[in-house]
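Below: input-v5.tsv (TSV, C-alpha atoms)
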chain	number	residue	atom	x	y	z
A	224	MET	CA	15.84	47.84	33.48
A	225	ARG	CA	16.65	45.50	30.69
A	226	LEU	CA	20.25	45.45	29.67
A	227	GLY	CA	20.77	48.03	27.06
A	228	GLN	CA	18.17	50.63	27.01
A	229	ARG	CA	14.80	51.90	28.19
A	230	ARG	CA	13.65	51.03	31.66
A	231	ASP	CA	10.26	49.85	30.40
A	232	ARG	CA	10.90	47.88	27.21
A	233	ALA	CA	14.49	47.32	26.08
A	234	ARG	CA	15.90	43.90	25.32
A	235	HIS	CA	19.22	42.29	26.17
A	236	PRO	CA	21.55	43.15	23.29
A	237	HIS	CA	22.92	39.64	22.79
A	238	ARG	CA	19.79	37.54	22.40
A	239	PRO	CA	16.86	39.68	21.26
A	240	PRO	CA	13.97	37.81	19.65
A	241	LEU	CA	11.94	39.83	17.22
A	242	PRO	CA	8.63	40.56	18.96
A	243	GLU	CA	6.70	39.49	15.87
A	244	ARG	CA	8.35	36.06	15.96
A	245	ARG	CA	7.40	35.53	19.58
A	246	GLY	CA	3.82	36.66	19.10
A	247	GLY	CA	4.43	39.92	20.93
A	248	THR	CA	3.59	43.46	20.07
A	249	PRO	CA	6.23	45.32	18.06
A	250	ILE	CA	8.27	47.76	20.11
A	251	ARG	CA	8.16	51.37	18.93
A	252	LEU	CA	11.35	53.31	19.46
A	253	ARG	CA	11.10	56.72	21.07
A	254	ASP	CA	13.25	59.79	21.30
A	255	GLY	CA	16.04	59.15	23.79
A	256	ASP	CA	15.97	55.33	23.69
A	257	LEU	CA	19.37	53.72	24.16
A	258	LEU	CA	19.54	50.82	21.73
A	259	SER	CA	22.05	48.00	21.36
A	260	LEU	CA	22.11	45.91	18.21
A	261	ASP	CA	24.11	42.69	18.03
A	262	PHE	CA	24.59	41.17	14.58
A	263	GLY	CA	25.89	37.75	13.72
A	264	ALA	CA	26.52	36.51	10.19
A	265	GLU	CA	27.87	33.44	8.47
A	266	LEU	CA	29.67	33.55	5.13
A	267	GLY	CA	31.47	30.69	3.42
A	268	GLY	CA	31.22	28.54	6.55
A	269	TRP	CA	32.69	31.21	8.87
A	270	ALA	CA	30.91	33.28	11.50
A	271	GLY	CA	31.28	36.95	12.44
A	272	ASP	CA	29.78	38.92	15.34
A	273	SER	CA	29.53	42.66	15.94
A	274	ALA	CA	27.45	44.99	18.13
A	275	ILE	CA	26.83	48.70	18.47
A	276	SER	CA	24.96	50.90	20.94
A	277	PHE	CA	23.43	54.25	20.03
A	278	VAL	CA	20.73	56.67	21.08
A	279	VAL	CA	17.62	57.24	19.02
A	280	GLY	CA	16.97	60.98	18.63
A	281	ARG	CA	18.21	63.36	21.31
A	282	PRO	CA	20.78	61.69	23.56
A	283	ARG	CA	21.22	62.18	27.28
A	284	PRO	CA	24.82	63.15	28.13
A	285	ALA	CA	25.03	60.19	30.53
A	286	ASP	CA	24.10	57.79	27.72
A	287	LEU	CA	26.75	59.24	25.42
A	288	LYS	CA	29.35	58.81	28.17
A	289	LEU	CA	28.25	55.21	28.73
A	290	ILE	CA	28.52	54.36	25.03
A	291	GLU	CA	31.87	56.17	24.68
A	292	THR	CA	33.23	54.23	27.66
A	293	ALA	CA	32.03	50.95	26.14
A	294	GLU	CA	33.88	51.86	22.92
A	295	ARG	CA	37.03	52.73	24.89
A	296	ALA	CA	36.79	49.41	26.76
A	297	LEU	CA	36.46	47.60	23.42
A	298	ALA	CA	39.51	49.44	22.04
A	299	ALA	CA	41.51	48.54	25.17
A	300	GLY	CA	40.48	44.89	24.85
A	301	ILE	CA	41.47	44.83	21.18
A	302	GLU	CA	44.81	46.48	21.97
A	303	ALA	CA	45.53	43.69	24.47
A	304	ALA	CA	44.62	40.98	21.93
A	305	VAL	CA	48.18	40.28	20.80
A	306	ALA	CA	50.05	37.02	20.41
A	307	GLY	CA	51.88	36.19	23.63
A	308	ASN	CA	49.29	37.85	25.85
A	309	ARG	CA	46.54	35.88	27.57
A	310	ILE	CA	42.75	36.01	27.75
A	311	GLY	CA	43.12	37.62	31.18
A	312	ASP	CA	45.00	40.54	29.61
A	313	ILE	CA	41.99	41.30	27.41
A	314	ALA	CA	39.61	40.90	30.37
A	315	HIS	CA	41.75	43.14	32.56
A	316	ALA	CA	41.98	45.85	29.89
A	317	ILE	CA	38.20	45.93	29.43
A	318	GLY	CA	37.40	45.75	33.13
A	319	SER	CA	39.88	48.49	34.03
A	320	VAL	CA	38.22	50.98	31.67
A	321	CYS	CA	34.72	50.09	32.89
A	322	ARG	CA	35.51	50.18	36.60
A	323	ALA	CA	37.58	53.38	36.37
A	324	ALA	CA	34.49	55.10	34.93
A	325	GLY	CA	32.29	53.73	37.73
A	326	TYR	CA	30.27	51.32	35.60
A	327	GLY	CA	29.13	47.81	36.42
A	328	ILE	CA	29.84	44.72	34.33
A	329	PRO	CA	27.07	42.11	34.01
A	330	ASP	CA	28.14	38.91	35.74
A	331	GLY	CA	28.69	36.05	33.32
A	332	PHE	CA	28.54	38.00	30.06
A	333	GLY	CA	31.48	38.65	27.77
A	334	GLY	CA	33.12	37.67	24.54
A	335	HIS	CA	33.90	34.31	23.04
A	336	GLY	CA	35.86	32.42	20.47
A	337	ILE	CA	34.33	32.45	17.01
A	338	GLY	CA	35.00	30.54	13.81
A	339	ARG	CA	32.87	27.86	12.15
A	340	ARG	CA	30.26	28.47	14.86
A	341	MET	CA	29.10	31.75	16.37
A	342	HIS	CA	30.00	30.85	19.96
A	343	GLU	CA	33.11	28.77	20.53
A	344	ASP	CA	35.74	28.46	23.22
A	345	PRO	CA	37.42	30.27	24.79
A	346	ALA	CA	35.23	32.54	26.88
A	347	VAL	CA	36.54	36.13	26.95
A	348	PRO	CA	35.41	37.74	30.23
A	349	ASN	CA	34.92	41.47	30.60
A	350	GLU	CA	36.92	41.54	33.81
A	351	GLY	CA	39.89	39.52	35.00
A	352	ARG	CA	43.49	39.33	36.06
A	353	PRO	CA	46.31	40.05	33.62
A	354	GLY	CA	48.67	37.22	32.77
A	355	ARG	CA	46.00	34.56	33.40
A	356	GLY	CA	44.05	32.30	31.10
A	357	LEU	CA	44.65	30.82	27.69
A	358	PRO	CA	47.67	32.18	25.79
A	359	LEU	CA	46.81	34.12	22.63
A	360	ARG	CA	48.40	32.86	19.45
A	361	PRO	CA	48.22	33.81	15.76
A	362	GLY	CA	45.19	32.33	14.05
A	363	MET	CA	42.82	32.66	17.00
A	364	VAL	CA	39.65	34.65	16.37
A	365	LEU	CA	37.73	36.21	19.24
A	366	ALA	CA	34.53	38.20	19.63
A	367	ILE	CA	35.42	40.90	22.17
A	368	GLU	CA	32.30	42.48	23.64
A	369	PRO	CA	32.20	44.80	26.64
A	370	MET	CA	28.82	45.25	28.34
A	371	LEU	CA	28.44	48.06	30.87
A	372	ILE	CA	25.77	48.90	33.45
A	373	ALA	CA	25.43	52.63	34.15
A	374	GLY	CA	24.47	52.27	37.82
A	375	GLY	CA	27.75	50.61	38.80
A	376	GLY	CA	26.24	47.30	39.94
A	377	ASP	CA	26.89	43.98	38.22
A	378	GLY	CA	23.57	42.30	38.87
A	379	TYR	CA	20.73	41.52	36.53
A	380	CYS	CA	17.71	39.27	36.47
A	381	ALA	CA	15.86	37.46	33.71
A	382	ALA	CA	12.31	38.44	32.83
A	383	PRO	CA	9.56	35.81	32.48
A	384	ASP	CA	9.84	35.88	28.67
A	385	GLY	CA	13.18	34.06	28.96
A	386	TRP	CA	15.01	36.60	26.77
A	387	THR	CA	14.86	39.98	28.42
A	388	LEU	CA	17.40	40.80	31.11
A	389	ARG	CA	16.97	43.68	33.53
A	390	THR	CA	19.66	45.41	35.53
A	391	ASN	CA	19.01	44.98	39.24
A	392	ASP	CA	19.48	48.70	39.88
A	393	GLY	CA	17.19	49.79	37.03
A	394	SER	CA	19.96	51.67	35.22
A	395	ARG	CA	20.68	51.68	31.50
A	396	ALA	CA	23.36	49.59	29.82
A	397	ALA	CA	25.46	49.55	26.65
A	398	HIS	CA	27.14	46.82	24.61
A	399	VAL	CA	29.67	46.94	21.76
A	400	GLU	CA	31.55	44.18	19.96
A	401	HIS	CA	34.04	43.34	17.22
A	402	THR	CA	35.33	40.07	15.82
A	403	VAL	CA	39.12	40.21	16.07
A	404	ALA	CA	41.81	37.95	14.61
A	405	ILE	CA	45.09	37.47	16.49
A	406	THR	CA	47.92	37.83	13.95
A	407	ARG	CA	51.72	37.91	14.14
A	408	THR	CA	51.59	41.66	13.51
A	409	GLY	CA	48.84	42.45	16.04
A	410	PRO	CA	45.06	42.35	16.31
A	411	ARG	CA	43.04	42.65	13.12
A	412	ILE	CA	39.41	43.80	13.37
A	413	LEU	CA	37.33	41.69	11.01
A	414	THR	CA	34.09	43.64	11.58
A	415	GLU	CA	35.42	47.17	11.09
A	416	ARG	CA	32.59	49.69	10.66
Structure re-expressed in structure tokens:
Amino acid sequence: MRLGQRRDRARHPHRPPLPERRGGTPIRLRDGDLLSLDFGAELGGWAGDSAISFVVGRPRPADLKLIETAERALAAGIEAAVAGNRIGDIAHAIGSVCRAAGYGIPDGFGGHGIGRRMHEDPAVPNEGRPGRGLPLRPGMVLAIEPMLIAGGGDGYCAAPDGWTLRTNDGSRAAHVEHTVAITRTGPRILTER
């Protein structure tokens, strides 16, 4: 399955080309599809990044639980994004929520620093050890983005098109994201919906 959605035609939520741009056939959404949308924008020389996952039409209960857990993992990561903590505290908060629910976490995917460019240092993993990594300080801006695999495995493989990723176990996946500023008074969500 491709990370995010339908077993037969979903795209990885972080790098989806539009089928029309790649010469492909447009994808028609169907009832029950699990869809992840990742949006990046630049305004006044600054970048922002946000993602949501949702079900088109009638949802499966398992998909709703997956999305809700991704949102809880995001909230836990944001709560840990306070000055004096470390990147590992964010990673641990996200990973703890995901693993406690029995979900997998795609190897090598996670959040990132963001500012004048969409993807900057530091990397913000979706699993890690608390108290490790770069210290968080006021003025830092991070894109925090949990990605979960329903089947509990962490593996994925790339499809021949170079964009699509598929979970090794064929299960569905979800992805959510906010751009968050570290301030003296706590985390501030810059992409609030």
Closest pair table for region 308-416 of chain A residues within 8 Å of region 272-287 of chain A, all atoms listed in the file, as a tab-separated table:
residue	atom	partner	partner_atom	distance
A:Met341	CA	A:Asp272	CA	7.3
A:Ala366	CA	A:Asp272	CA	6.4
A:Glu368	CA	A:Ala274	CA	7.8
A:Arg395	CA	A:Asp286	CA	8.0
A:Ala397	CA	A:Ser276	CA	5.9
A:His398	CA	A:Ser276	CA	5.9
A:Val399	CA	A:Ala274	CA	4.7
A:Glu400	CA	A:Ala274	CA	4.6
A:His401	CA	A:Ser273	CA	4.7
A:Thr402	CA	A:Asp272	CA	5.7
A:Thr414	CA	A:Ser273	CA	6.4
Please build the interface table for region 346-385 of chain A against region 326-337 of chain A with a cut-off of 8 Å, listing for each qualifying residue the nearest atom pair and the distance in Å to one decimal; count only C-alpha atoms, order rows by chain and increasing number, and write it as JSON lines.
{"residue": "A:Ala346", "atom": "CA", "partner": "A:His335", "partner_atom": "CA", "distance": 4.4}
{"residue": "A:Val347", "atom": "CA", "partner": "A:Gly334", "partner_atom": "CA", "distance": 4.5}
{"residue": "A:Pro348", "atom": "CA", "partner": "A:Gly333", "partner_atom": "CA", "distance": 4.7}
{"residue": "A:Asn349", "atom": "CA", "partner": "A:Gly333", "partner_atom": "CA", "distance": 5.3}
{"residue": "A:Glu350", "atom": "CA", "partner": "A:Ile328", "partner_atom": "CA", "distance": 7.8}
{"residue": "A:Met363", "atom": "CA", "partner": "A:Gly336", "partner_atom": "CA", "distance": 7.8}
{"residue": "A:Val364", "atom": "CA", "partner": "A:Ile337", "partner_atom": "CA", "distance": 5.8}
{"residue": "A:Leu365", "atom": "CA", "partner": "A:Gly336", "partner_atom": "CA", "distance": 4.4}
{"residue": "A:Ala366", "atom": "CA", "partner": "A:Gly334", "partner_atom": "CA", "distance": 5.1}
{"residue": "A:Ile367", "atom": "CA", "partner": "A:Gly334", "partner_atom": "CA", "distance": 4.6}
{"residue": "A:Glu368", "atom": "CA", "partner": "A:Gly334", "partner_atom": "CA", "distance": 5.0}
{"residue": "A:Pro369", "atom": "CA", "partner": "A:Gly333", "partner_atom": "CA", "distance": 6.3}
{"residue": "A:Met370", "atom": "CA", "partner": "A:Ile328", "partner_atom": "CA", "distance": 6.1}
{"residue": "A:Leu371", "atom": "CA", "partner": "A:Ile328", "partner_atom": "CA", "distance": 5.0}
{"residue": "A:Ile372", "atom": "CA", "partner": "A:Gly327", "partner_atom": "CA", "distance": 4.6}
{"residue": "A:Ala373", "atom": "CA", "partner": "A:Tyr326", "partner_atom": "CA", "distance": 5.2}
{"residue": "A:Gly374", "atom": "CA", "partner": "A:Tyr326", "partner_atom": "CA", "distance": 6.3}
{"residue": "A:Gly375", "atom": "CA", "partner": "A:Gly327", "partner_atom": "CA", "distance": 3.9}
{"residue": "A:Gly376", "atom": "CA", "partner": "A:Gly327", "partner_atom": "CA", "distance": 4.6}
{"residue": "A:Asp377", "atom": "CA", "partner": "A:Pro329", "partner_atom": "CA", "distance": 4.6}
{"residue": "A:Gly378", "atom": "CA", "partner": "A:Pro329", "partner_atom": "CA", "distance": 6.0}
{"residue": "A:Tyr379", "atom": "CA", "partner": "A:Pro329", "partner_atom": "CA", "distance": 6.8}
Item to complete: Mind checking which residues fall within 6 Å of region 308-322 of chain A, counting all atoms listed in the file, ignoring those fewer than 2 positions away in the same chain, and posting them as a PyMOL selection string?
Response: chain A and resi 296+299-300+303+305-306+324-326+348-359
Selected residues written out, C-alpha atoms, as a PDB file, in the coordinates of the input:
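Done, and the output landed in result-v1.pdb:
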ATOM      1  CA  ALA A 296      36.790  49.410  26.760  1.00  0.00           C
ATOM      2  CA  ALA A 299      41.510  48.540  25.170  1.00  0.00           C
ATOM      3  CA  GLY A 300      40.480  44.890  24.850  1.00  0.00           C
ATOM      4  CA  ALA A 303      45.530  43.690  24.470  1.00  0.00           C
ATOM      5  CA  VAL A 305      48.180  40.280  20.800  1.00  0.00           C
ATOM      6  CA  ALA A 306      50.050  37.020  20.410  1.00  0.00           C
ATOM      7  CA  ALA A 324      34.490  55.100  34.930  1.00  0.00           C
ATOM      8  CA  GLY A 325      32.290  53.730  37.730  1.00  0.00           C
ATOM      9  CA  TYR A 326      30.270  51.320  35.600  1.00  0.00           C
ATOM     10  CA  PRO A 348      35.410  37.740  30.230  1.00  0.00           C
ATOM     11  CA  ASN A 349      34.920  41.470  30.600  1.00  0.00           C
ATOM     12  CA  GLU A 350      36.920  41.540  33.810  1.00  0.00           C
ATOM     13  CA  GLY A 351      39.890  39.520  35.000  1.00  0.00           C
ATOM     14  CA  ARG A 352      43.490  39.330  36.060  1.00  0.00           C
ATOM     15  CA  PRO A 353      46.310  40.050  33.620  1.00  0.00           C
ATOM     16  CA  GLY A 354      48.670  37.220  32.770  1.00  0.00           C
ATOM     17  CA  ARG A 355      46.000  34.560  33.400  1.00  0.00           C
ATOM     18  CA  GLY A 356      44.050  32.300  31.100  1.00  0.00           C
ATOM     19  CA  LEU A 357      44.650  30.820  27.690  1.00  0.00           C
ATOM     20  CA  PRO A 358      47.670  32.180  25.790  1.00  0.00           C
ATOM     21  CA  LEU A 359      46.810  34.120  22.630  1.00  0.00           C
TER      22      LEU A 359
END
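Separating CA of Ala396 (chain A) from CA of Ala270 (chain A) is a distance of 25.7 Å.
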Worksheet item: Which of these residues is nearest to Ala264 (chain A), using only C-alpha atoms: A:Gly385, A:Gly338, A:Val403, A:Arg360?
Response: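 The answer is A:Gly338, which sits nearest to Ala264 (chain A).
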Worksheet item: Using only C-alpha atoms, which of the listed residues (A:Ile250, A:Pro383, A:His342, A:Ala323) sits closest to Gly263 (chain A)?
Response: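 Checking each candidate against Gly263 (chain A), we get A:His342 as the closest.
When CA of Leu257 (chain A) is paired with CA of Ile290 (chain A), their separation reads 9.2 Å.
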Fill in: Proximity to Pro361 (chain A) - best of A:Gly307, A:Arg340, A:Pro345, A:Cys380, only C-alpha atoms
A:Gly307
Worksheet, complete the sentence: Here CA of Arg416 (chain A) and CA of Gly267 (chain A) stand apart by 20.4 Å
